[in-house]
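Undergrad: Below is the file model-v6.txt, which contains compact mmCIF, C-alpha atoms and all ligand atoms.
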```
# COMPACT_ATOMS: atom_id res chain seq x y z
CA MET A 118 34.41 45.05 2.12
CA ASN A 119 31.25 43.91 0.41
CA ARG A 120 30.41 40.25 -0.04
CA TYR A 121 31.11 40.24 -3.78
CA LEU A 122 34.63 41.58 -3.33
CA LEU A 123 35.25 39.15 -0.49
CA ILE A 124 34.21 36.18 -2.61
CA VAL A 125 36.41 37.34 -5.50
CA GLY A 126 39.25 37.83 -3.03
CA LEU A 127 38.85 34.32 -1.61
CA LEU A 128 38.73 32.81 -5.09
CA VAL A 129 41.96 34.58 -5.96
CA VAL A 130 43.57 33.27 -2.76
CA SER A 131 42.42 29.70 -3.37
CA PHE A 132 43.43 29.74 -7.05
CA HIS A 133 46.82 31.08 -6.07
CA LEU A 134 47.21 28.31 -3.49
CA THR A 135 46.24 25.44 -5.75
CA ALA A 136 48.49 26.77 -8.51
CA GLN A 137 51.51 27.20 -6.26
CA THR A 138 54.22 24.62 -5.68
CA PHE A 139 56.32 24.87 -2.56
CA GLN A 140 60.06 24.57 -2.38
CA GLU A 141 61.66 23.40 0.83
CA GLY A 142 64.09 26.01 2.06
CA ASN A 143 62.00 29.00 0.91
CA SER A 144 59.63 31.02 3.05
CA TYR A 145 56.21 31.95 1.64
CA TYR A 146 54.06 34.88 2.69
CA ASP A 147 50.75 36.38 1.76
CA LYS A 148 51.12 39.82 0.15
CA ASN A 149 50.90 41.59 3.52
CA LYS A 150 53.25 39.16 5.35
CA TRP A 151 50.51 38.41 7.84
CA VAL A 152 51.05 34.66 7.49
CA THR A 153 54.32 32.76 6.90
CA PHE A 154 54.77 29.22 5.60
CA VAL A 155 58.17 27.54 5.82
CA PRO A 156 57.85 24.20 3.99
CA GLY A 157 59.96 21.44 5.50
CA ASN A 158 61.44 18.19 4.28
CA MET A 159 60.25 15.84 6.99
CA PRO A 160 56.74 14.75 8.03
CA LEU A 161 56.32 17.04 11.03
CA VAL A 162 54.05 20.08 10.78
CA ILE A 163 54.11 22.72 13.53
CA SER A 164 51.50 25.48 13.60
CA VAL A 165 51.99 28.63 15.67
CA PRO A 166 48.66 30.46 15.78
CA HIS A 167 49.06 32.94 18.65
CA GLY A 168 52.61 34.30 18.54
CA GLY A 169 52.01 37.20 16.10
CA LEU A 170 52.84 40.77 17.12
CA ILE A 171 51.57 42.83 14.15
CA ASN A 172 48.84 45.17 15.31
CA LEU A 173 46.58 46.64 12.62
CA ASP A 174 44.98 49.91 13.64
CA SER A 175 42.57 49.66 10.71
CA VAL A 176 41.15 46.35 11.96
CA PRO A 177 38.73 46.45 14.90
CA ASP A 178 39.80 44.61 18.04
CA ARG A 179 38.06 41.30 18.59
CA THR A 180 35.51 41.99 21.29
CA CYS A 181 32.77 39.50 20.36
CA PRO A 182 31.51 37.08 23.06
CA ASP A 183 34.05 34.31 23.89
CA ALA A 184 36.90 36.09 22.08
CA VAL A 185 40.28 35.49 23.77
CA THR A 186 43.02 37.90 22.75
CA VAL A 187 46.10 36.94 24.82
CA ILE A 188 49.39 36.62 22.88
CA ASP A 189 51.35 33.36 23.29
CA GLY A 190 54.65 35.13 23.93
CA HIS A 191 57.81 33.73 22.33
CA THR A 192 56.11 30.77 20.69
CA GLN A 193 57.50 31.94 17.31
CA ASP A 194 60.95 31.91 18.94
CA LEU A 195 60.35 28.36 20.18
CA ALA A 196 59.34 27.15 16.73
CA LYS A 197 62.38 28.85 15.18
CA ALA A 198 64.63 27.21 17.81
CA ILE A 199 63.11 23.81 16.94
CA ASP A 200 63.79 24.50 13.27
CA SER A 201 67.42 25.48 14.04
CA VAL A 202 68.06 22.38 16.15
CA PHE A 203 66.68 20.12 13.41
CA ARG A 204 68.86 21.84 10.79
CA ARG A 205 71.92 21.65 13.06
CA ASP A 206 71.55 18.04 14.27
CA TYR A 207 69.82 16.49 11.23
CA HIS A 208 69.76 17.36 7.58
CA PHE A 209 66.04 18.08 7.63
CA HIS A 210 63.53 20.38 9.27
CA PRO A 211 59.75 20.58 9.89
CA SER A 212 57.11 22.59 8.06
CA ILE A 213 56.02 25.57 10.14
CA VAL A 214 53.04 27.89 9.67
CA PHE A 215 53.12 31.19 11.58
CA CYS A 216 50.40 33.78 12.09
CA ASN A 217 52.11 37.17 12.36
CA LEU A 218 48.99 39.12 13.30
CA ARG A 219 48.02 39.72 16.89
CA ARG A 220 45.30 37.52 18.26
CA LEU A 221 43.46 40.74 19.08
CA LYS A 222 42.76 40.95 15.33
CA VAL A 223 42.35 37.31 14.26
CA ASP A 224 42.45 33.98 16.12
CA MET A 225 43.66 31.02 14.05
CA ASN A 226 42.69 28.51 16.76
CA ARG A 227 38.95 29.21 16.53
CA GLU A 228 36.42 28.54 13.79
CA ILE A 229 36.25 31.37 11.27
CA GLU A 230 33.28 33.31 12.75
CA LEU A 231 34.73 33.53 16.27
CA GLY A 232 38.27 33.75 14.89
CA THR A 233 37.40 36.92 12.92
CA CYS A 234 34.55 38.10 15.17
CA GLY A 235 32.65 38.50 11.91
CA TYR A 236 35.02 41.11 10.43
CA ASP A 237 35.17 39.97 6.79
CA PRO A 238 38.67 41.19 5.75
CA MET A 239 40.28 38.96 8.43
CA ARG A 240 38.77 35.91 6.73
CA ILE A 241 41.49 36.11 4.10
CA PRO A 242 44.50 35.64 6.45
CA TRP A 243 42.46 33.08 8.44
CA MET A 244 41.88 31.04 5.28
CA GLN A 245 45.46 31.50 4.11
CA TRP A 246 46.89 30.23 7.41
CA HIS A 247 44.61 27.19 7.47
CA ASN A 248 45.20 26.47 3.81
CA TRP A 249 48.93 26.31 4.47
CA VAL A 250 48.55 23.99 7.49
CA ASP A 251 46.33 21.81 5.34
CA THR A 252 48.81 21.91 2.44
CA ALA A 253 51.78 21.09 4.69
CA LEU A 254 50.01 18.02 6.12
CA ALA A 255 48.84 16.87 2.68
CA MET A 256 52.38 17.17 1.28
CA ALA A 257 53.86 15.30 4.28
CA VAL A 258 51.36 12.42 4.10
CA LYS A 259 51.73 12.18 0.32
CA GLN A 260 55.50 11.88 0.52
CA TYR A 261 55.99 9.91 3.75
CA GLY A 262 52.69 8.06 4.26
CA GLN A 263 52.14 9.51 7.75
CA SER A 264 52.77 12.83 9.53
CA VAL A 265 52.97 14.21 13.04
CA TYR A 266 51.16 17.50 13.77
CA ILE A 267 51.84 19.84 16.71
CA ASP A 268 49.86 23.00 17.50
CA LEU A 269 52.24 25.12 19.59
CA HIS A 270 50.96 27.52 22.27
CA ALA A 271 51.81 29.18 25.57
CA GLN A 272 49.97 29.08 28.88
CA GLY A 273 50.18 31.42 31.87
CA HIS A 274 48.95 28.99 34.51
CA PRO A 275 50.65 28.77 37.94
CA GLU A 276 51.86 25.20 37.34
CA GLN A 277 55.14 25.37 35.42
CA ARG A 278 54.71 22.37 33.14
CA LEU A 279 53.93 21.59 29.53
CA GLU A 280 50.24 20.94 29.03
CA LEU A 281 49.88 18.32 26.32
CA GLY A 282 46.40 18.59 24.83
CA TYR A 283 44.99 15.35 23.43
CA LEU A 284 41.38 16.63 23.38
CA LEU A 285 40.64 15.02 26.77
CA THR A 286 39.53 16.96 29.83
CA PRO A 287 41.30 16.53 33.20
CA LYS A 288 38.48 14.26 34.38
CA GLU A 289 38.74 12.17 31.21
CA LEU A 290 42.52 11.92 31.62
CA GLU A 291 42.04 10.79 35.21
CA GLU A 292 39.49 8.13 34.24
CA SER A 293 41.69 6.97 31.35
CA PHE A 294 44.62 6.69 33.77
CA LYS A 295 42.45 4.53 36.03
CA GLY A 296 41.54 2.34 33.04
CA GLU A 297 37.92 3.52 32.83
CA ASN A 298 35.95 4.17 29.60
CA ASP A 299 38.93 3.31 27.45
CA THR A 300 36.95 2.84 24.22
CA LEU A 301 35.13 6.15 24.60
CA TYR A 302 38.24 8.20 25.39
CA THR A 303 40.29 6.49 22.70
CA SER A 304 37.64 7.58 20.16
CA LYS A 305 37.81 11.18 21.42
CA ALA A 306 41.60 11.44 21.66
CA SER A 307 43.66 13.45 19.17
CA ILE A 308 45.88 10.36 18.69
CA LYS A 309 42.98 8.04 17.93
CA ASN A 310 44.40 7.38 14.43
CA LEU A 311 47.65 6.15 15.92
CA ILE A 312 45.86 3.78 18.31
CA ALA A 313 43.63 2.50 15.49
CA TYR A 314 46.63 2.02 13.20
CA HIS A 315 48.36 -0.24 15.73
CA LYS A 316 45.20 -2.35 16.20
CA GLY A 317 45.40 -2.69 19.98
CA LYS A 318 49.18 -2.85 20.34
CA TYR A 319 49.14 0.33 22.45
CA THR A 320 46.42 1.60 24.75
CA LEU A 321 45.51 5.25 25.20
CA LYS A 322 46.74 5.04 28.79
CA GLU A 323 50.16 3.77 27.67
CA LEU A 324 50.49 6.50 25.03
CA LEU A 325 49.59 9.25 27.51
CA THR A 326 51.12 8.08 30.77
CA GLY A 327 53.22 5.00 30.05
CA PRO A 328 57.03 4.80 30.25
CA ALA A 329 57.24 5.51 26.49
CA ALA A 330 54.69 8.36 26.35
CA PHE A 331 55.83 11.66 24.83
CA GLY A 332 55.09 13.47 28.10
CA THR A 333 57.10 10.93 30.11
CA TRP A 334 60.11 11.44 27.83
CA MET A 335 59.81 15.23 28.09
CA VAL A 336 59.82 14.98 31.91
CA GLU A 337 62.92 12.77 31.73
CA SER A 338 64.50 15.45 29.51
CA GLY A 339 63.88 18.05 32.22
CA PHE A 340 60.50 19.49 31.15
CA PRO A 341 57.62 18.73 33.55
CA SER A 342 54.59 17.70 31.50
CA VAL A 343 50.99 16.62 31.99
CA PRO A 344 49.87 13.99 31.06
CA SER A 345 52.95 11.86 31.71
CA LYS A 346 53.89 8.89 33.88
CA GLN A 347 55.13 11.33 36.50
CA ASP A 348 52.08 13.65 36.31
CA PRO A 349 49.20 11.72 34.72
CA PHE A 350 46.37 14.26 34.89
CA ALA A 351 45.55 17.78 36.06
CA TYR A 352 43.59 18.04 39.29
CA ALA A 353 40.18 19.72 39.39
CA ASN A 354 41.63 22.85 41.01
CA GLN A 355 44.39 23.22 38.40
CA LYS A 356 44.18 24.99 35.09
CA TYR A 357 44.85 22.90 32.00
CA PHE A 358 44.26 23.35 28.25
CA ASN A 359 43.20 20.14 26.53
CA GLY A 360 43.49 21.15 22.87
CA GLY A 361 41.54 23.52 20.68
CA TYR A 362 40.13 23.97 17.19
CA ASN A 363 43.37 23.21 15.33
CA THR A 364 44.04 20.01 17.26
CA ALA A 365 40.48 18.83 16.68
CA ARG A 366 40.67 19.74 12.98
CA TYR A 367 44.16 18.55 11.96
CA ALA A 368 45.44 15.96 14.44
CA ARG A 369 42.85 13.44 13.29
CA TYR A 370 43.31 13.79 9.54
CA PRO A 371 43.87 10.38 7.92
CA ASN A 372 47.43 9.21 8.67
CA VAL A 373 48.12 12.23 10.88
CA PHE A 374 48.85 11.93 14.61
CA GLY A 375 49.11 14.97 16.80
CA TRP A 376 48.39 17.03 19.86
CA GLN A 377 48.60 20.55 21.26
CA ILE A 378 51.54 21.71 23.36
CA GLU A 379 50.91 24.58 25.78
CA THR A 380 54.31 25.73 27.00
CA ASN A 381 54.89 27.26 30.41
CA TYR A 382 57.08 30.36 30.78
CA LYS A 383 59.80 29.52 33.31
CA GLY A 384 62.62 27.50 31.82
CA VAL A 385 60.95 27.32 28.40
CA ARG A 386 60.08 30.80 27.11
CA ASP A 387 61.96 33.09 29.52
CA THR A 388 65.39 33.22 27.80
CA PRO A 389 66.92 32.33 24.41
CA ASP A 390 68.92 29.60 26.19
CA ALA A 391 65.66 28.13 27.42
CA TYR A 392 64.17 28.15 23.89
CA TYR A 393 67.09 26.01 22.74
CA ARG A 394 67.01 23.63 25.70
CA PHE A 395 63.31 23.09 25.10
CA ALA A 396 63.90 22.70 21.36
CA GLU A 397 66.63 20.10 21.94
CA ALA A 398 64.36 18.05 24.21
CA PHE A 399 61.44 18.40 21.80
CA VAL A 400 63.50 17.35 18.77
CA LYS A 401 65.02 14.34 20.54
CA ASN A 402 61.66 13.11 21.79
CA ILE A 403 59.60 13.79 18.67
CA MET A 404 62.19 11.83 16.65
CA ARG A 405 61.94 9.04 19.18
CA TYR A 406 58.15 9.16 18.88
CA ILE A 407 58.30 8.97 15.08
CA ALA A 408 60.73 6.03 15.23
CA THR A 409 58.70 4.18 17.87
CA TYR A 410 55.13 4.68 16.72
CA THR A 411 55.03 5.50 13.01
CA THR A 412 56.00 3.82 9.74
CA ILE A 413 57.87 6.93 8.60
CA ASP A 414 61.30 6.07 7.24
CA VAL A 415 63.78 8.46 8.86
CA LYS A 416 66.30 7.71 6.09
CA LYS A 417 63.91 9.30 3.56
CA MET A 418 63.72 12.58 5.45
CA GLY A 419 65.56 15.48 3.91
CA LYS A 420 65.01 14.13 0.44
ZN ZN A 501 47.42 29.80 22.27
```
Render the structure in this file as structure tokens.
TA:
Amino acid sequence: MNRYLLIVGLLVVSFHLTAQTFQEGNSYYDKNKWVTFVPGNMPLVISVPHGGLINLDSVPDRTCPDAVTVIDGHTQDLAKAIDSVFRRDYHFHPSIVFCNLRRLKVDMNREIELGTCGYDPMRIPWMQWHNWVDTALAMAVKQYGQSVYIDLHAQGHPEQRLELGYLLTPKELEESFKGENDTLYTSKASIKNLIAYHKGKYTLKELLTGPAAFGTWMVESGFPSVPSKQDPFAYANQKYFNGGYNTARYARYPNVFGWQIETNYKGVRDTPDAYYRFAEAFVKNIMRYIATYTTIDVKKMGK
């Protein structure tokens, strides 16, 4: 595709997006169904960048330097299970943005050049996906004042635990746990807005490894997690993902609080029963998080 056609194409996409209004309960797709947006009616936005299975023979595989092409298996199933549990147990559900294309063709958790490996036609689904994440967060903050954002992934590391990515490396998590460099790591963390909002009421250490940290609650619900009170940081010889492009871009939007969740396989993604057990724990604890740390009025959800 030449540059002129690409620019026209992108203008059409962006005009279409700004002109569109979204109705909770509907699903929205681009014309090829490469990207799906399910608008919710609560201020929780979940993005699922690496669960897509559509392989396009006409699109070259991503082979540029630093390209990662592994699929996050069953993460779409996990997000759908979360949606089902919300609809079953509450009268509301989150906004979810799916990428249906294989990561071999486009990576939504990288900046656009690396995400497309420079192949221009993949810029259109990349922009569409990001535009919908952006739109979902803007709608949530406009209606509810604040929103939670989760970028949902899968990891194949030996340690069977959820890796919660707050944009801090294992060494930074360890130092934070020991009370070192608190100001610096608070400023780097994906939940820095939340800490700033509470004006010193909660420290980073408490929010990552305290008795009322999200990770601590997930461990108590049966899902080992790092960081948490029980497992505060990954050791130097352990693999751990600390959050990528999406977490850095969206979790620190004004009035947005968020992090990345890298799910392990065993007991989370290995059976449909496991998807639902994980979803039930996630829903319970994210609702507890919203009630504890945000100003969001639960009674207004679903409206
Ligand atoms: Zn991933």
Undergrad: Would you compute the distance between CA of Gln263 in chain A and CA of Pro160 in chain A? Give it in Å to one decimal.
TA: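 Between these atoms lies a distance of 7.0 Å.
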Undergrad: Taking 2 positions as the minimum chain separation for residues in the same chain, which residues sit within 12 Å of Met159 in chain A when counting all atoms listed in the file? Answer as a PyMOL selection string.
TA: chain A and resi 141-142+155-157+161-163+200+203-204+207-213+253-254+256-266+403-404+407+413-420
Undergrad: Residues within 10 Å of ligand ZN 501 (chain A) (all atoms listed in the file), as a PyMOL selection string?
TA: chain A and resi 165-168+185-190+192+220+224-226+268-272+358+360-361+377-380
Undergrad: Padding 3 Å on every side, please: axis-aligned box over the listed atoms of range 374-383 of chain A, centre and edge lengths to one decimal in Å, as lines of an AutoDock Vina configuration file.
TA:
```
center_x = 54.1
center_y = 21.1
center_z = 24.0
size_x = 17.4
size_y = 24.4
size_z = 24.7
```
Undergrad: Using Å and a single decimal, report how far CA of Asp174 in chain A sits from CA of Tyr236 in chain A.
TA: 13.7 Å
Undergrad: List as a ChimeraX atom specification the protein and nucleic acid residues near range 308-311 of chain A, meaning an atom at most 12 Å away when all atoms listed in the file are counted, but skip any in the same chain fewer than 2 places from it.
TA: /A:263-267,281-285,299-306,313-325,330-331,360,364-365,367-377,406-407,409-412
Undergrad: Separation of CA of Phe215 in chain A and CA of Asn359 in chain A, in Å?
TA: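 CA of Asn359 in chain A lies at a distance of 21.1 Å from CA of Phe215 in chain A.
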Undergrad: For Thr252 in chain A, which residue out of A:Lys148, A:Phe154, A:Pro177, A:Asn143 is the nearest one, using only C-alpha atoms?
TA: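 With only C-alpha atoms as the atom set, the closest residue is A:Phe154.
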Undergrad: Under the rule that only C-alpha atoms are counted, which of A:Leu218, A:Val250, A:Val400, A:Ala391 is the nearest residue to Met335 in chain A?
TA: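 Closest residue, counting only C-alpha atoms: A:Val400.
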